[in-house]
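A.B. asks: My structure is in query12.pdb, and what it holds is PDB, C-alpha atoms, pLDDT in the B column:
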MODEL        1
ATOM      1  CA  MET A   1     139.514  54.990 -41.597  1.00 84.00           C
ATOM      2  CA  THR A   2     137.112  52.037 -41.650  1.00 95.00           C
ATOM      3  CA  ILE A   3     134.003  52.296 -43.828  1.00 97.00           C
ATOM      4  CA  ARG A   4     130.940  50.996 -41.982  1.00 97.00           C
ATOM      5  CA  VAL A   5     128.568  48.966 -44.160  1.00 98.00           C
ATOM      6  CA  LEU A   6     124.970  47.892 -43.520  1.00 98.00           C
ATOM      7  CA  LEU A   7     123.556  44.976 -45.534  1.00 98.00           C
ATOM      8  CA  ALA A   8     119.853  45.024 -46.499  1.00 97.00           C
ATOM      9  CA  ASP A   9     118.678  41.901 -48.319  1.00 96.00           C
ATOM     10  CA  ASP A  10     115.970  39.376 -47.467  1.00 95.00           C
ATOM     11  CA  GLN A  11     118.084  36.409 -48.609  1.00 94.00           C
ATOM     12  CA  ALA A  12     120.374  35.096 -45.853  1.00 96.00           C
ATOM     13  CA  LEU A  13     122.739  33.392 -48.285  1.00 94.00           C
ATOM     14  CA  ILE A  14     123.340  36.615 -50.205  1.00 92.00           C
ATOM     15  CA  ARG A  15     123.945  38.568 -46.991  1.00 95.00           C
ATOM     16  CA  ALA A  16     126.411  35.916 -45.836  1.00 96.00           C
ATOM     17  CA  GLY A  17     128.315  36.170 -49.108  1.00 94.00           C
ATOM     18  CA  PHE A  18     128.472  39.950 -48.936  1.00 95.00           C
ATOM     19  CA  ARG A  19     129.524  39.849 -45.282  1.00 96.00           C
ATOM     20  CA  MET A  20     132.388  37.430 -45.991  1.00 96.00           C
ATOM     21  CA  LEU A  21     133.593  39.516 -48.929  1.00 96.00           C
ATOM     22  CA  ILE A  22     133.394  42.835 -47.093  1.00 97.00           C
ATOM     23  CA  GLN A  23     134.879  41.619 -43.815  1.00 96.00           C
ATOM     24  CA  ASN A  24     137.956  40.394 -45.696  1.00 96.00           C
ATOM     25  CA  ALA A  25     138.676  43.952 -46.859  1.00 96.00           C
ATOM     26  CA  PRO A  26     140.925  45.756 -44.342  1.00 96.00           C
ATOM     27  CA  ASP A  27     139.149  49.100 -44.689  1.00 97.00           C
ATOM     28  CA  LEU A  28     135.534  47.842 -44.613  1.00 97.00           C
ATOM     29  CA  ASP A  29     133.361  46.507 -41.787  1.00 97.00           C
ATOM     30  CA  VAL A  30     129.789  45.147 -41.706  1.00 98.00           C
ATOM     31  CA  VAL A  31     127.927  46.786 -38.814  1.00 97.00           C
ATOM     32  CA  GLY A  32     124.476  45.259 -39.312  1.00 97.00           C
ATOM     33  CA  GLU A  33     122.113  43.185 -41.439  1.00 98.00           C
ATOM     34  CA  ALA A  34     118.498  43.950 -42.356  1.00 97.00           C
ATOM     35  CA  THR A  35     115.988  41.544 -43.881  1.00 97.00           C
ATOM     36  CA  ASN A  36     113.461  44.183 -44.982  1.00 96.00           C
ATOM     37  CA  GLY A  37     113.121  47.901 -45.553  1.00 96.00           C
ATOM     38  CA  HIS A  38     111.808  48.702 -42.084  1.00 97.00           C
ATOM     39  CA  GLU A  39     114.832  47.038 -40.501  1.00 97.00           C
ATOM     40  CA  ALA A  40     117.124  48.871 -42.900  1.00 97.00           C
ATOM     41  CA  VAL A  41     115.746  52.252 -41.829  1.00 97.00           C
ATOM     42  CA  ARG A  42     115.938  51.343 -38.137  1.00 97.00           C
ATOM     43  CA  LEU A  43     119.482  49.993 -38.367  1.00 97.00           C
ATOM     44  CA  ALA A  44     120.593  52.989 -40.414  1.00 97.00           C
ATOM     45  CA  ARG A  45     119.613  55.170 -37.460  1.00 96.00           C
ATOM     46  CA  GLU A  46     121.140  52.843 -34.888  1.00 96.00           C
ATOM     47  CA  THR A  47     124.444  52.060 -36.605  1.00 96.00           C
ATOM     48  CA  ARG A  48     125.011  55.292 -38.576  1.00 92.00           C
ATOM     49  CA  ALA A  49     126.565  53.167 -41.313  1.00 96.00           C
ATOM     50  CA  ASP A  50     128.516  55.003 -43.998  1.00 96.00           C
ATOM     51  CA  VAL A  51     127.097  52.889 -46.835  1.00 97.00           C
ATOM     52  CA  ILE A  52     124.006  50.698 -47.076  1.00 97.00           C
ATOM     53  CA  LEU A  53     123.960  47.908 -49.646  1.00 96.00           C
ATOM     54  CA  MET A  54     120.243  47.916 -50.430  1.00 95.00           C
ATOM     55  CA  ASP A  55     118.278  45.267 -52.313  1.00 93.00           C
ATOM     56  CA  ILE A  56     115.156  46.501 -54.132  1.00 90.00           C
ATOM     57  CA  ARG A  57     112.747  43.623 -53.633  1.00 88.00           C
ATOM     58  CA  MET A  58     112.248  42.979 -49.916  1.00 92.00           C
ATOM     59  CA  PRO A  59     109.107  42.171 -47.867  1.00 91.00           C
ATOM     60  CA  ASP A  60     107.099  44.678 -45.793  1.00 89.00           C
ATOM     61  CA  LEU A  61     108.967  47.710 -47.138  1.00 93.00           C
ATOM     62  CA  ASP A  62     110.974  47.489 -50.345  1.00 93.00           C
ATOM     63  CA  GLY A  63     114.425  48.931 -50.899  1.00 93.00           C
ATOM     64  CA  LEU A  64     113.221  51.922 -52.898  1.00 92.00           C
ATOM     65  CA  ALA A  65     110.853  53.062 -50.144  1.00 94.00           C
ATOM     66  CA  ALA A  66     113.530  52.433 -47.517  1.00 96.00           C
ATOM     67  CA  THR A  67     115.995  54.506 -49.530  1.00 94.00           C
ATOM     68  CA  ARG A  68     113.559  57.414 -49.675  1.00 93.00           C
ATOM     69  CA  ALA A  69     112.997  57.233 -45.919  1.00 95.00           C
ATOM     70  CA  ILE A  70     116.721  57.207 -45.198  1.00 95.00           C
ATOM     71  CA  THR A  71     117.710  60.020 -47.555  1.00 91.00           C
ATOM     72  CA  ALA A  72     114.807  62.196 -46.353  1.00 90.00           C
ATOM     73  CA  ASP A  73     116.025  61.966 -42.747  1.00 93.00           C
ATOM     74  CA  ASP A  74     118.313  64.927 -42.002  1.00 89.00           C
ATOM     75  CA  ALA A  75     119.880  62.964 -39.152  1.00 91.00           C
ATOM     76  CA  LEU A  76     121.130  60.432 -41.728  1.00 92.00           C
ATOM     77  CA  ALA A  77     122.588  62.969 -44.148  1.00 86.00           C
ATOM     78  CA  GLY A  78     125.959  61.209 -44.133  1.00 86.00           C
ATOM     79  CA  VAL A  79     124.529  57.780 -44.948  1.00 93.00           C
ATOM     80  CA  ARG A  80     124.886  56.695 -48.586  1.00 92.00           C
ATOM     81  CA  VAL A  81     122.715  54.060 -50.246  1.00 94.00           C
ATOM     82  CA  LEU A  82     124.121  51.748 -52.899  1.00 93.00           C
ATOM     83  CA  ILE A  83     121.370  49.786 -54.642  1.00 89.00           C
ATOM     84  CA  LEU A  84     122.514  46.283 -55.498  1.00 84.00           C
ATOM     85  CA  THR A  85     119.961  44.217 -57.388  1.00 76.00           C
ATOM     86  CA  THR A  86     119.294  41.762 -60.190  1.00 74.00           C
ATOM     87  CA  PHE A  87     116.826  44.243 -61.710  1.00 63.00           C
ATOM     88  CA  GLU A  88     118.522  46.950 -63.792  1.00 56.00           C
ATOM     89  CA  ALA A  89     115.375  48.062 -65.621  1.00 58.00           C
ATOM     90  CA  ASP A  90     115.221  51.780 -66.311  1.00 55.00           C
ATOM     91  CA  GLU A  91     112.199  52.250 -64.043  1.00 66.00           C
ATOM     92  CA  TYR A  92     114.141  50.902 -61.067  1.00 71.00           C
ATOM     93  CA  VAL A  93     117.148  53.089 -61.902  1.00 69.00           C
ATOM     94  CA  PHE A  94     114.887  56.111 -62.172  1.00 70.00           C
ATOM     95  CA  GLN A  95     113.104  55.448 -58.876  1.00 77.00           C
ATOM     96  CA  ALA A  96     116.326  54.627 -57.033  1.00 78.00           C
ATOM     97  CA  LEU A  97     118.034  57.846 -58.063  1.00 75.00           C
ATOM     98  CA  ARG A  98     114.918  59.943 -57.510  1.00 75.00           C
ATOM     99  CA  GLY A  99     114.794  58.377 -54.055  1.00 81.00           C
ATOM    100  CA  GLY A 100     118.287  59.609 -53.270  1.00 84.00           C
ATOM    101  CA  ALA A 101     120.424  56.523 -53.909  1.00 87.00           C
ATOM    102  CA  SER A 102     124.083  57.300 -54.567  1.00 84.00           C
ATOM    103  CA  GLY A 103     124.738  54.245 -56.690  1.00 81.00           C
ATOM    104  CA  PHE A 104     123.124  51.418 -58.609  1.00 80.00           C
ATOM    105  CA  LEU A 105     124.847  48.132 -59.463  1.00 81.00           C
ATOM    106  CA  GLY A 106     123.740  44.745 -60.728  1.00 80.00           C
ATOM    107  CA  LYS A 107     124.347  41.740 -58.473  1.00 81.00           C
ATOM    108  CA  GLY A 108     126.482  40.228 -61.203  1.00 81.00           C
ATOM    109  CA  VAL A 109     129.217  42.773 -60.467  1.00 83.00           C
ATOM    110  CA  GLU A 110     132.707  41.386 -59.817  1.00 89.00           C
ATOM    111  CA  PRO A 111     133.671  41.198 -56.098  1.00 92.00           C
ATOM    112  CA  ALA A 112     136.567  43.655 -56.469  1.00 93.00           C
ATOM    113  CA  ASP A 113     134.298  46.103 -58.304  1.00 89.00           C
ATOM    114  CA  LEU A 114     131.714  45.904 -55.515  1.00 92.00           C
ATOM    115  CA  LEU A 115     134.325  46.743 -52.889  1.00 94.00           C
ATOM    116  CA  ASP A 116     135.545  49.654 -55.012  1.00 91.00           C
ATOM    117  CA  ALA A 117     131.943  50.824 -55.427  1.00 89.00           C
ATOM    118  CA  ILE A 118     131.458  50.923 -51.661  1.00 94.00           C
ATOM    119  CA  ARG A 119     134.596  53.034 -51.320  1.00 92.00           C
ATOM    120  CA  VAL A 120     133.525  55.386 -54.118  1.00 86.00           C
ATOM    121  CA  VAL A 121     130.076  55.952 -52.630  1.00 87.00           C
ATOM    122  CA  ALA A 122     131.475  56.367 -49.103  1.00 89.00           C
ATOM    123  CA  GLY A 123     133.776  59.057 -50.465  1.00 83.00           C
ATOM    124  CA  GLY A 124     130.805  61.135 -51.563  1.00 74.00           C
ATOM    125  CA  GLU A 125     130.868  60.197 -55.221  1.00 72.00           C
ATOM    126  CA  ALA A 126     128.050  58.473 -57.091  1.00 68.00           C
ATOM    127  CA  LEU A 127     128.278  55.295 -59.069  1.00 68.00           C
ATOM    128  CA  LEU A 128     126.108  53.686 -61.721  1.00 63.00           C
ATOM    129  CA  SER A 129     126.702  50.579 -63.754  1.00 57.00           C
ATOM    130  CA  PRO A 130     127.089  51.311 -67.489  1.00 55.00           C
ATOM    131  CA  LYS A 131     123.816  49.469 -68.136  1.00 57.00           C
ATOM    132  CA  ALA A 132     121.976  51.550 -65.541  1.00 58.00           C
ATOM    133  CA  THR A 133     123.406  54.815 -66.858  1.00 59.00           C
ATOM    134  CA  LYS A 134     122.430  53.945 -70.427  1.00 57.00           C
ATOM    135  CA  ALA A 135     118.897  53.030 -69.320  1.00 61.00           C
ATOM    136  CA  LEU A 136     118.495  56.258 -67.362  1.00 60.00           C
ATOM    137  CA  ILE A 137     119.676  58.436 -70.241  1.00 58.00           C
ATOM    138  CA  ALA A 138     117.454  56.596 -72.722  1.00 60.00           C
ATOM    139  CA  ARG A 139     114.427  57.103 -70.484  1.00 61.00           C
ATOM    140  CA  TYR A 140     114.820  60.866 -70.349  1.00 54.00           C
ATOM    141  CA  LEU A 141     115.734  61.266 -73.998  1.00 55.00           C
ATOM    142  CA  ALA A 142     112.489  59.456 -74.853  1.00 61.00           C
ATOM    143  CA  SER A 143     110.456  61.704 -72.560  1.00 57.00           C
ATOM    144  CA  PRO A 144     108.512  64.325 -74.568  1.00 52.00           C
ATOM    145  CA  GLU A 145     108.716  66.991 -71.873  1.00 52.00           C
ATOM    146  CA  PRO A 146     111.116  67.565 -68.968  1.00 48.00           C
ATOM    147  CA  THR A 147     109.653  67.040 -65.512  1.00 51.00           C
ATOM    148  CA  THR A 148     110.178  69.220 -62.458  1.00 50.00           C
ATOM    149  CA  GLY A 149     113.728  69.726 -61.232  1.00 54.00           C
ATOM    150  CA  ALA A 150     116.140  72.521 -60.414  1.00 58.00           C
ATOM    151  CA  ALA A 151     114.721  76.021 -60.928  1.00 60.00           C
ATOM    152  CA  PRO A 152     115.807  77.837 -64.103  1.00 66.00           C
ATOM    153  CA  ALA A 153     117.450  80.524 -61.941  1.00 72.00           C
ATOM    154  CA  GLU A 154     119.678  77.903 -60.354  1.00 77.00           C
ATOM    155  CA  LEU A 155     120.720  76.566 -63.757  1.00 86.00           C
ATOM    156  CA  ALA A 156     121.328  80.119 -64.953  1.00 86.00           C
ATOM    157  CA  ALA A 157     123.770  80.595 -62.079  1.00 89.00           C
ATOM    158  CA  LEU A 158     126.118  78.040 -63.611  1.00 93.00           C
ATOM    159  CA  THR A 159     129.144  79.356 -65.450  1.00 94.00           C
ATOM    160  CA  GLU A 160     129.773  78.334 -69.039  1.00 94.00           C
ATOM    161  CA  ARG A 161     132.431  75.868 -67.889  1.00 95.00           C
ATOM    162  CA  GLU A 162     130.084  74.434 -65.252  1.00 95.00           C
ATOM    163  CA  ARG A 163     127.415  73.943 -67.886  1.00 94.00           C
ATOM    164  CA  GLU A 164     129.934  72.022 -69.993  1.00 94.00           C
ATOM    165  CA  VAL A 165     130.833  69.861 -67.009  1.00 94.00           C
ATOM    166  CA  LEU A 166     127.186  69.199 -66.128  1.00 93.00           C
ATOM    167  CA  THR A 167     126.518  68.044 -69.679  1.00 90.00           C
ATOM    168  CA  LEU A 168     129.406  65.577 -69.435  1.00 90.00           C
ATOM    169  CA  VAL A 169     128.274  64.348 -66.009  1.00 87.00           C
ATOM    170  CA  ALA A 170     124.827  63.731 -67.490  1.00 82.00           C
ATOM    171  CA  ALA A 171     126.466  61.704 -70.256  1.00 79.00           C
ATOM    172  CA  GLY A 172     127.891  59.385 -67.612  1.00 74.00           C
ATOM    173  CA  LEU A 173     131.528  60.545 -67.737  1.00 80.00           C
ATOM    174  CA  SER A 174     133.765  60.177 -64.676  1.00 80.00           C
ATOM    175  CA  ASN A 175     135.898  63.027 -63.329  1.00 86.00           C
ATOM    176  CA  ASP A 176     138.950  61.576 -65.065  1.00 88.00           C
ATOM    177  CA  ALA A 177     137.081  61.345 -68.359  1.00 88.00           C
ATOM    178  CA  ILE A 178     135.768  64.905 -67.969  1.00 92.00           C
ATOM    179  CA  ALA A 179     139.296  66.136 -67.224  1.00 94.00           C
ATOM    180  CA  GLU A 180     140.604  64.451 -70.367  1.00 95.00           C
ATOM    181  CA  ARG A 181     137.783  65.863 -72.490  1.00 95.00           C
ATOM    182  CA  LEU A 182     138.248  69.431 -71.226  1.00 95.00           C
ATOM    183  CA  TYR A 183     142.064  69.335 -70.930  1.00 95.00           C
ATOM    184  CA  VAL A 184     142.067  70.064 -67.207  1.00 95.00           C
ATOM    185  CA  SER A 185     143.294  68.116 -64.169  1.00 95.00           C
ATOM    186  CA  PRO A 186     141.037  65.527 -62.472  1.00 91.00           C
ATOM    187  CA  LEU A 187     141.110  67.717 -59.339  1.00 93.00           C
ATOM    188  CA  THR A 188     139.838  70.695 -61.339  1.00 96.00           C
ATOM    189  CA  ALA A 189     137.076  68.545 -62.821  1.00 94.00           C
ATOM    190  CA  LYS A 190     136.076  67.341 -59.348  1.00 91.00           C
ATOM    191  CA  THR A 191     136.050  70.936 -58.076  1.00 94.00           C
ATOM    192  CA  HIS A 192     133.689  71.954 -60.881  1.00 95.00           C
ATOM    193  CA  VAL A 193     131.370  69.026 -60.096  1.00 93.00           C
ATOM    194  CA  ASN A 194     131.315  69.907 -56.395  1.00 91.00           C
ATOM    195  CA  ARG A 195     130.484  73.544 -57.159  1.00 94.00           C
ATOM    196  CA  ILE A 196     127.654  72.481 -59.471  1.00 94.00           C
ATOM    197  CA  MET A 197     126.223  70.219 -56.772  1.00 89.00           C
ATOM    198  CA  ALA A 198     126.344  73.098 -54.277  1.00 90.00           C
ATOM    199  CA  LYS A 199     124.613  75.504 -56.668  1.00 91.00           C
ATOM    200  CA  LEU A 200     121.879  73.040 -57.628  1.00 89.00           C
ATOM    201  CA  GLY A 201     121.395  71.593 -54.151  1.00 84.00           C
ATOM    202  CA  ALA A 202     122.276  68.072 -55.276  1.00 82.00           C
ATOM    203  CA  ARG A 203     123.562  65.681 -52.633  1.00 75.00           C
ATOM    204  CA  ASP A 204     125.757  63.769 -55.067  1.00 75.00           C
ATOM    205  CA  ARG A 205     126.631  63.048 -58.689  1.00 78.00           C
ATOM    206  CA  ALA A 206     123.658  60.754 -59.205  1.00 74.00           C
ATOM    207  CA  GLN A 207     121.242  63.577 -58.445  1.00 77.00           C
ATOM    208  CA  LEU A 208     123.066  65.794 -60.931  1.00 81.00           C
ATOM    209  CA  VAL A 209     122.287  63.262 -63.662  1.00 78.00           C
ATOM    210  CA  VAL A 210     118.631  63.235 -62.654  1.00 76.00           C
ATOM    211  CA  LEU A 211     118.422  67.041 -62.515  1.00 81.00           C
ATOM    212  CA  ALA A 212     120.088  67.415 -65.911  1.00 82.00           C
ATOM    213  CA  TYR A 213     117.453  65.256 -67.571  1.00 75.00           C
ATOM    214  CA  GLN A 214     114.489  66.366 -65.473  1.00 75.00           C
ATOM    215  CA  THR A 215     115.007  70.000 -66.427  1.00 79.00           C
ATOM    216  CA  GLY A 216     115.790  69.267 -70.064  1.00 75.00           C
ATOM    217  CA  PHE A 217     119.278  70.717 -69.633  1.00 81.00           C
ATOM    218  CA  ALA A 218     120.965  67.599 -70.961  1.00 73.00           C
ATOM    219  CA  ARG A 219     119.116  68.102 -74.239  1.00 63.00           C
ATOM    220  CA  SER A 220     119.671  71.855 -74.454  1.00 50.00           C
ATOM    221  CA  GLY A 221     123.110  72.241 -72.869  1.00 47.00           C
ATOM    222  CA  PRO A 222     126.377  72.549 -74.805  1.00 46.00           C
ATOM    223  CA  SER A 223     127.443  69.531 -76.860  1.00 43.00           C
TER     224      SER A 223
ENDMDL
END
Written as structure tokens, that's how I'd like the structure from this file.
C.D. replies:
Amino acid sequence: MTIRVLLADDQALIRAGFRMLIQNAPDLDVVGEATNGHEAVRLARETRADVILMDIRMPDLDGLAATRAITADDALAGVRVLILTTFEADEYVFQALRGGASGFLGKGVEPADLLDAIRVVAGGEALLSPKATKALIARYLASPEPTTGAAPAELAALTEREREVLTLVAAGLSNDAIAERLYVSPLTAKTHVNRIMAKLGARDRAQLVVLAYQTGFARSGPS
């Protein structure tokens, strides 16, 4: 199955580099290029790309606003946004994930890692660079009060094991790392994560991280 990729970046040279890299992968295909956020939203609807590589700083409509527009559109529920930018400041990470992005990587990422990231996001998982994850966690730990997020009743519906798993997801651990920590199989860990997402109404792993810190769960959950 070929993964359809849409490129959204206002710099032609960067788009050309991404296109060459992606087109050389047998399971990936570039289906469109956008030079600003408005074009990204329009092409997302026209191409129904599986993954959009989205730059943050673009003219007319930036990548964060475009991401919000795409993830808010029920008709584009299957489209995943992977933010790829030179700006990994915590505010950008926060806004990108709040906007519904499924991943956040710096443009300095290795080519092979970028291709793997596209595959991970297309598969329904979420992906953050270590720097972005650290910045996001630091931001919420420094926040004096949790902001709005999942209702307490929804969090209360989690089993003890699910609460353990959510705490580890919030710490940035992968399914394999969670499985190793809890002495279960990676498939079991993934099943727990999927059930948590269903209970909390999160579209992917990235939103679970946001919810955990927004509600204060990551500070009060099991260690």
A.B. asks: One decimal, in Å: what's the spacing between CA of Gly99 in chain A and CA of Met58 in chain A?
C.D. replies: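 Distance between the two atoms: 16.1 Å.
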A.B. asks: List as a list of chain:residue names the protein and nucleic acid residues near range 205-210 of chain A, meaning an atom at most 8 Å away when only C-alpha atoms are counted, but skip any in the same chain fewer than 5 places from it.
C.D. replies: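 So the residues in contact are A:Leu97, A:Arg98, A:Gly100, A:Ala101, A:Ser102, A:Gly103, A:Glu125, A:Ala126, A:Leu127, A:Leu128, A:Leu166, A:Val169, A:Ala170, A:Ala171, A:Gly172, A:Val193, A:Met197.
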A.B. asks: Just the selected residues (C-alpha atoms), exported as a PDB file, keeping the file's coordinate frame, please.
C.D. replies:
ATOM      1  CA  LEU A  97     118.034  57.846 -58.063  1.00 75.00           C
ATOM      2  CA  ARG A  98     114.918  59.943 -57.510  1.00 75.00           C
ATOM      3  CA  GLY A 100     118.287  59.609 -53.270  1.00 84.00           C
ATOM      4  CA  ALA A 101     120.424  56.523 -53.909  1.00 87.00           C
ATOM      5  CA  SER A 102     124.083  57.300 -54.567  1.00 84.00           C
ATOM      6  CA  GLY A 103     124.738  54.245 -56.690  1.00 81.00           C
ATOM      7  CA  GLU A 125     130.868  60.197 -55.221  1.00 72.00           C
ATOM      8  CA  ALA A 126     128.050  58.473 -57.091  1.00 68.00           C
ATOM      9  CA  LEU A 127     128.278  55.295 -59.069  1.00 68.00           C
ATOM     10  CA  LEU A 128     126.108  53.686 -61.721  1.00 63.00           C
ATOM     11  CA  LEU A 166     127.186  69.199 -66.128  1.00 93.00           C
ATOM     12  CA  VAL A 169     128.274  64.348 -66.009  1.00 87.00           C
ATOM     13  CA  ALA A 170     124.827  63.731 -67.490  1.00 82.00           C
ATOM     14  CA  ALA A 171     126.466  61.704 -70.256  1.00 79.00           C
ATOM     15  CA  GLY A 172     127.891  59.385 -67.612  1.00 74.00           C
ATOM     16  CA  VAL A 193     131.370  69.026 -60.096  1.00 93.00           C
ATOM     17  CA  MET A 197     126.223  70.219 -56.772  1.00 89.00           C
TER      18      MET A 197
END
A.B. asks: Got a sec to resolve the PyMOL selection byres ((chain A and resi 44) around 10) on this structure and send the residues as a list in words?
C.D. replies: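 Output of the PyMOL selection byres ((chain A and resi 44) around 10): Val5, Leu6, Leu7, Val31, Gly32, Glu33, Ala34, His38, Glu39, Ala40, Val41, Arg42, Leu43, Arg45, Glu46, Thr47, Arg48, Ala49, Asp50, Val51, Ile52, Ile70, Leu76, Val79 and Arg80 of chain A.
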A.B. asks: Keeping only C-alpha atoms, write the selected residues to a file as a compact mmCIF listing (two decimals), in the frame of the given file.
C.D. replies:
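Everything below was put into selection.txt:
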# COMPACT_ATOMS: atom_id res chain seq x y z
CA VAL A 5 128.57 48.97 -44.16
CA LEU A 6 124.97 47.89 -43.52
CA LEU A 7 123.56 44.98 -45.53
CA VAL A 31 127.93 46.79 -38.81
CA GLY A 32 124.48 45.26 -39.31
CA GLU A 33 122.11 43.18 -41.44
CA ALA A 34 118.50 43.95 -42.36
CA HIS A 38 111.81 48.70 -42.08
CA GLU A 39 114.83 47.04 -40.50
CA ALA A 40 117.12 48.87 -42.90
CA VAL A 41 115.75 52.25 -41.83
CA ARG A 42 115.94 51.34 -38.14
CA LEU A 43 119.48 49.99 -38.37
CA ARG A 45 119.61 55.17 -37.46
CA GLU A 46 121.14 52.84 -34.89
CA THR A 47 124.44 52.06 -36.60
CA ARG A 48 125.01 55.29 -38.58
CA ALA A 49 126.56 53.17 -41.31
CA ASP A 50 128.52 55.00 -44.00
CA VAL A 51 127.10 52.89 -46.84
CA ILE A 52 124.01 50.70 -47.08
CA ILE A 70 116.72 57.21 -45.20
CA LEU A 76 121.13 60.43 -41.73
CA VAL A 79 124.53 57.78 -44.95
CA ARG A 80 124.89 56.70 -48.59
A.B. asks: Determine the residue set returned by the PyMOL selection byres ((chain A and resi 20-24) around 12) for the present structure, and present it as a VMD selection string.
C.D. replies: chain A and resid 2 to 7 13 to 19 25 to 32 51 53 110 to 119
A.B. asks: Which of these, A:Ala218, A:Ala96, A:Val81, A:Leu61, has the shortest distance to Arg163 in chain A once you count all atoms listed in the file?
C.D. replies: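 Closest candidate: A:Ala218.
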A.B. asks: In Å to one decimal, how far is CA of Ala77 in chain A from CA of Gly124 in chain A?
C.D. replies: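 Calculated distance between CA of Gly124 in chain A and CA of Ala77 in chain A is 11.2 Å.
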A.B. asks: Have a look at A:Gly123, A:Gly108, A:Gly37, A:Gly78 and name the one nearest to Ala65 in chain A; count all atoms listed in the file.
C.D. replies: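 Closest residue, counting all atoms listed in the file: A:Gly37.
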A.B. asks: Would you list the contacts of Gly106 in chain A as a list in words, taking every protein, DNA or RNA residue within 6 Å and counting all atoms listed in the file, but skipping same-chain residues closer than 3 positions in sequence?
C.D. replies: Leu84, Thr85, Thr86 and Val109 of chain A
A.B. asks: Env of Ala198 in chain A: 12 Å cut, atoms = all atoms listed in the file, seq-sep filter 4 positions within chain, self excluded. Answer as a ChimeraX atom specification.
C.D. replies: /A:150,154-155,157-158,162,191-194,202-205,207-208
A.B. asks: To box range 187-201 of chain A, take all atoms listed in the file, fit an axis-aligned box, add 3 Å on each side, and give centre and edge lengths in Å to one decimal, as JSON.
C.D. replies:
{"center_x": 131.3, "center_y": 71.4, "center_z": -58.5, "size_x": 25.7, "size_y": 14.2, "size_z": 14.7}
A.B. asks: Using Å and a single decimal, report how far CA of Asp73 in chain A sits from CA of Ser174 in chain A.
C.D. replies: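 The value is 28.3 Å.
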A.B. asks: Using the incomplete input, complete range 21-25 of chain A to the level of all heavy atoms; output as a short mmCIF file (atom, residue, chain, number, x, y, z; two decimals), in the frame of the given file.
C.D. replies:
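Generated file (out23.cif):
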data_model
loop_
_atom_site.label_atom_id
_atom_site.label_comp_id
_atom_site.auth_asym_id
_atom_site.auth_seq_id
_atom_site.Cartn_x
_atom_site.Cartn_y
_atom_site.Cartn_z
N LEU A 21 132.79 38.73 -48.00
CA LEU A 21 133.59 39.52 -48.93
C LEU A 21 134.04 40.83 -48.29
O LEU A 21 135.22 41.20 -48.34
CB LEU A 21 132.77 39.81 -50.19
CG LEU A 21 133.40 40.74 -51.23
CD1 LEU A 21 134.65 40.11 -51.82
CD2 LEU A 21 132.39 41.07 -52.31
N ILE A 22 133.11 41.52 -47.66
CA ILE A 22 133.39 42.84 -47.09
C ILE A 22 134.31 42.74 -45.88
O ILE A 22 135.24 43.54 -45.71
CB ILE A 22 132.08 43.55 -46.73
CG1 ILE A 22 131.31 43.88 -48.02
CG2 ILE A 22 132.34 44.82 -45.93
CD1 ILE A 22 129.88 44.34 -47.77
N GLN A 23 134.07 41.75 -45.02
CA GLN A 23 134.88 41.62 -43.82
C GLN A 23 136.33 41.28 -44.14
O GLN A 23 137.22 41.53 -43.33
CB GLN A 23 134.29 40.54 -42.91
CG GLN A 23 132.97 40.91 -42.25
CD GLN A 23 133.09 42.08 -41.28
OE1 GLN A 23 132.68 43.18 -41.57
NE2 GLN A 23 133.66 41.82 -40.12
N ASN A 24 136.58 40.72 -45.30
CA ASN A 24 137.96 40.39 -45.70
C ASN A 24 138.72 41.61 -46.21
O ASN A 24 139.92 41.54 -46.43
CB ASN A 24 137.97 39.30 -46.76
CG ASN A 24 137.70 37.92 -46.17
OD1 ASN A 24 138.00 37.67 -45.01
ND2 ASN A 24 137.14 37.03 -46.97
N ALA A 25 138.01 42.72 -46.42
CA ALA A 25 138.68 43.95 -46.86
C ALA A 25 139.14 44.72 -45.62
O ALA A 25 138.36 44.93 -44.69
CB ALA A 25 137.71 44.81 -47.68
#
